[in-house]
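Trainee: Okay, handing you the structure first.
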Amino acid sequence: MLTVILLFLILEGIMFLIDIPFKNRIKNSTSVETSLKARKTLKWVRIISTFVLIVALCVIDITIGVSFGSTDEIGRDVGMIIAYAIMKGWSILKGNIQTYSKEGYLSRHNNYVLYLRAFEADFYDKSPKSHSLESNLAKAIKKMGANICAIGMTKELDAPYGADRVYVGDDTWQTDVAELMQKANMIFILMSDRESCIWEIAQGARMLDKICFIVDDADKYKNIKNSTTHHIHFPEYDTIAGKLGDSQSDRVVCFVMYDGKMELFEFDSKDSPSKIYNQLMEIDQIRKLI
């Protein structure tokens, strides 16, 4: 098994070399169209290359086995290569390349949830089975029957696992985000005190009844509350925390405000998608909108 893993690591190295010209093209692109075209091409190159390389790996293993007369081990080795490819290798080599523009996403989805966050909250991992706040929340929302999207990092090659990435221009992002917010069934905002995030939160003043605010940092929340006083009257953090009981180190606090009411819940940042799903289903406004 260690030999098979080593061989797949070699394949990863080959795929890394294949990525380089596309990575440079995306890095140097001056428009969304150019970067999306590079991503779309690379997506197919990866799929085809991954399949060809795995088949080539099996052929090489068979050839070596026949040459050295160890035919008894050929079936076992090929079986291990295929098993590893199915369980892990294929998904890692193929990666998670996203190719949606705003127009492309909206043309295919009219029932979606928008996830807004600071880019620094993105969790990059090669395995689709990796867990993060975003990936677990996205799985829970998909279980409720809705699609979920987020604005993609302009220069990224592979997107984090979780929400679908929608790529917009650096010069039009505010207009594009505002449109995505307006057309979304519901919006989840992981609160950050970065300037761009505060702008997004302020835009939500006109659609508070369909926003779920997610707080994972009390200090950032207090900064946001002070910065958005003229747009949204957020409750004191201690008031929210007091309704949920004793504070926990990994606690994530969520709340929705509508019709003069506030519904809130919490989950641990390591909670499973099923547990988060159950929490979401207990909130009347969320269950109504998704």
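Here, A, B, ... name the chains of the structure tokens in the order displayed, residue numbers run from 1 inside each chain, and ligands are numbered from 1 in the same displayed order.
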Taking only C-alpha atoms into account, produce a table as a Markdown table in which each residue of range 83-105 of chain A with an atom at most 10 Å from an atom of range 127-147 of chain A appears once, together with its shortest atom pair and the distance in Å to one decimal, ordered by chain and rising number.
Mentor:
| residue | atom | partner | partner_atom | distance |
| --- | --- | --- | --- | --- |
| A:Lys88 | CA | A:Ser127 | CA | 7.6 |
| A:Gly89 | CA | A:Ser127 | CA | 9.3 |
| A:Ser91 | CA | A:Ser127 | CA | 7.2 |
| A:Ile92 | CA | A:Ser127 | CA | 5.9 |
| A:Leu93 | CA | A:Ser127 | CA | 9.7 |
| A:Gly95 | CA | A:Ser127 | CA | 8.1 |
| A:Asn96 | CA | A:Pro128 | CA | 8.3 |
Trainee: May I have the residues within 7 Å of Asn185 in chain A as a count of residues only, using only C-alpha atoms and disregarding those fewer than 6 positions away in the same chain?
Mentor: 5
Trainee: Grab the CA of Met153 in chain A to CA of Gln182 in chain A distance for me, in Å with one decimal place.
Mentor: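 If I compute the distance from CA of Met153 in chain A to CA of Gln182 in chain A, I get 20.9 Å.
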Trainee: Counting only C-alpha atoms, figure out which residue out of A:Asn226, A:Ser49, A:Gln285, A:Ser274 gets nearest to Ile187 in chain A.
Mentor: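 Looking at the shortest contact to Ile187 in chain A, the residue is A:Gln285.
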Trainee: Which one of A:Ser35, A:Ser227, A:Ser196, A:Ser101 sits closest to Asp164 in chain A if you count only C-alpha atoms?
Mentor: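 Result for the nearest residue to Asp164 in chain A: A:Ser101.
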Trainee: Just want the 8 Å neighbourhood of Arg117 in chain A, counted on only C-alpha atoms, with same-chain residues fewer than 3 positions away dropped. Output as a list in words.
Mentor: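 So the residues in contact are Ala121, Ile189, Leu190, Met191, Ser192 and Cys197 of chain A.
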Trainee: What's around range 221-224 of chain A at 9 Å? Count only C-alpha atoms, leave out sequence neighbours fewer than 6 positions away in its own chain, and write the answer as a list in words.
Mentor: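 The contact residues come out as Met191, Ser192, Asp193, Arg194, Ile198, Ile201, Val215, Phe234, Glu236 and Tyr237 of chain A.
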Trainee: Could you please determine the separation between CA of Ile97 in chain A and CA of Leu42 in chain A in Å, to one decimal place?
Mentor: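 Separation of CA of Ile97 in chain A and CA of Leu42 in chain A: 8.1 Å.
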Trainee: Nearest to Asp176 in chain A: which of A:Asp238, A:Asp219, A:Glu103, A:Asp122 is it, counting only C-alpha atoms?
Mentor: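 Counting only C-alpha atoms, the residue closest to Asp176 in chain A is A:Glu103.
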Trainee: Using only C-alpha atoms, which of the listed residues (A:Lys288, A:Arg251, A:Lys23, A:His109) sits closest to Lys183 in chain A?
Mentor: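 Looking at the shortest contact to Lys183 in chain A, the residue is A:His109.
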Trainee: Write out as a PyMOL selection string the set of residues from range 28-95 of chain A that DSSP, computed on the backbone, places in alpha helix (DSSP H).
Mentor: chain A and resi 32-67+74-84+90-94
Trainee: What is the CA of Ala178 in chain A-CA of Glu156 in chain A distance in Å, reported with one decimal?
Mentor: 22.2 Å
Trainee: Residues within 6 Å of range 252-267 of chain A, please, as a ChimeraX atom specification. Count only C-alpha atoms; anything in the same chain fewer than 3 positions from it doesn't count.
Mentor: /A:209,212-216
Trainee: Could the residues in this selection be written to a file with N, CA and C atoms, as a short mmCIF file (atom, residue, chain, number, x, y, z; two decimals), in the first residue's frame?
Mentor:
data_model
loop_
_atom_site.label_atom_id
_atom_site.label_comp_id
_atom_site.auth_asym_id
_atom_site.auth_seq_id
_atom_site.Cartn_x
_atom_site.Cartn_y
_atom_site.Cartn_z
N ASP A 209 -34.44 40.22 6.95
CA ASP A 209 -35.28 39.06 7.24
C ASP A 209 -34.78 37.77 6.59
N CYS A 212 -28.76 35.21 7.94
CA CYS A 212 -28.33 34.55 9.18
C CYS A 212 -26.88 34.99 9.42
N PHE A 213 -26.67 35.68 10.53
CA PHE A 213 -25.34 36.15 10.89
C PHE A 213 -24.62 35.08 11.71
N ILE A 214 -23.38 34.82 11.35
CA ILE A 214 -22.57 33.81 12.02
C ILE A 214 -21.41 34.51 12.72
N VAL A 215 -21.28 34.29 14.00
CA VAL A 215 -20.24 34.96 14.79
C VAL A 215 -19.31 33.91 15.39
N ASP A 216 -18.04 33.98 15.03
CA ASP A 216 -17.06 33.06 15.62
C ASP A 216 -15.95 33.81 16.35
#
Trainee: Hey, which of A:Gln279, A:Thr63, A:Ser31, A:Gln98 ends up closest to Thr172 in chain A? Count only C-alpha atoms.
Mentor: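 Ranking A:Gln279, A:Thr63, A:Ser31, A:Gln98 by distance to Thr172 in chain A, first place goes to A:Ser31.
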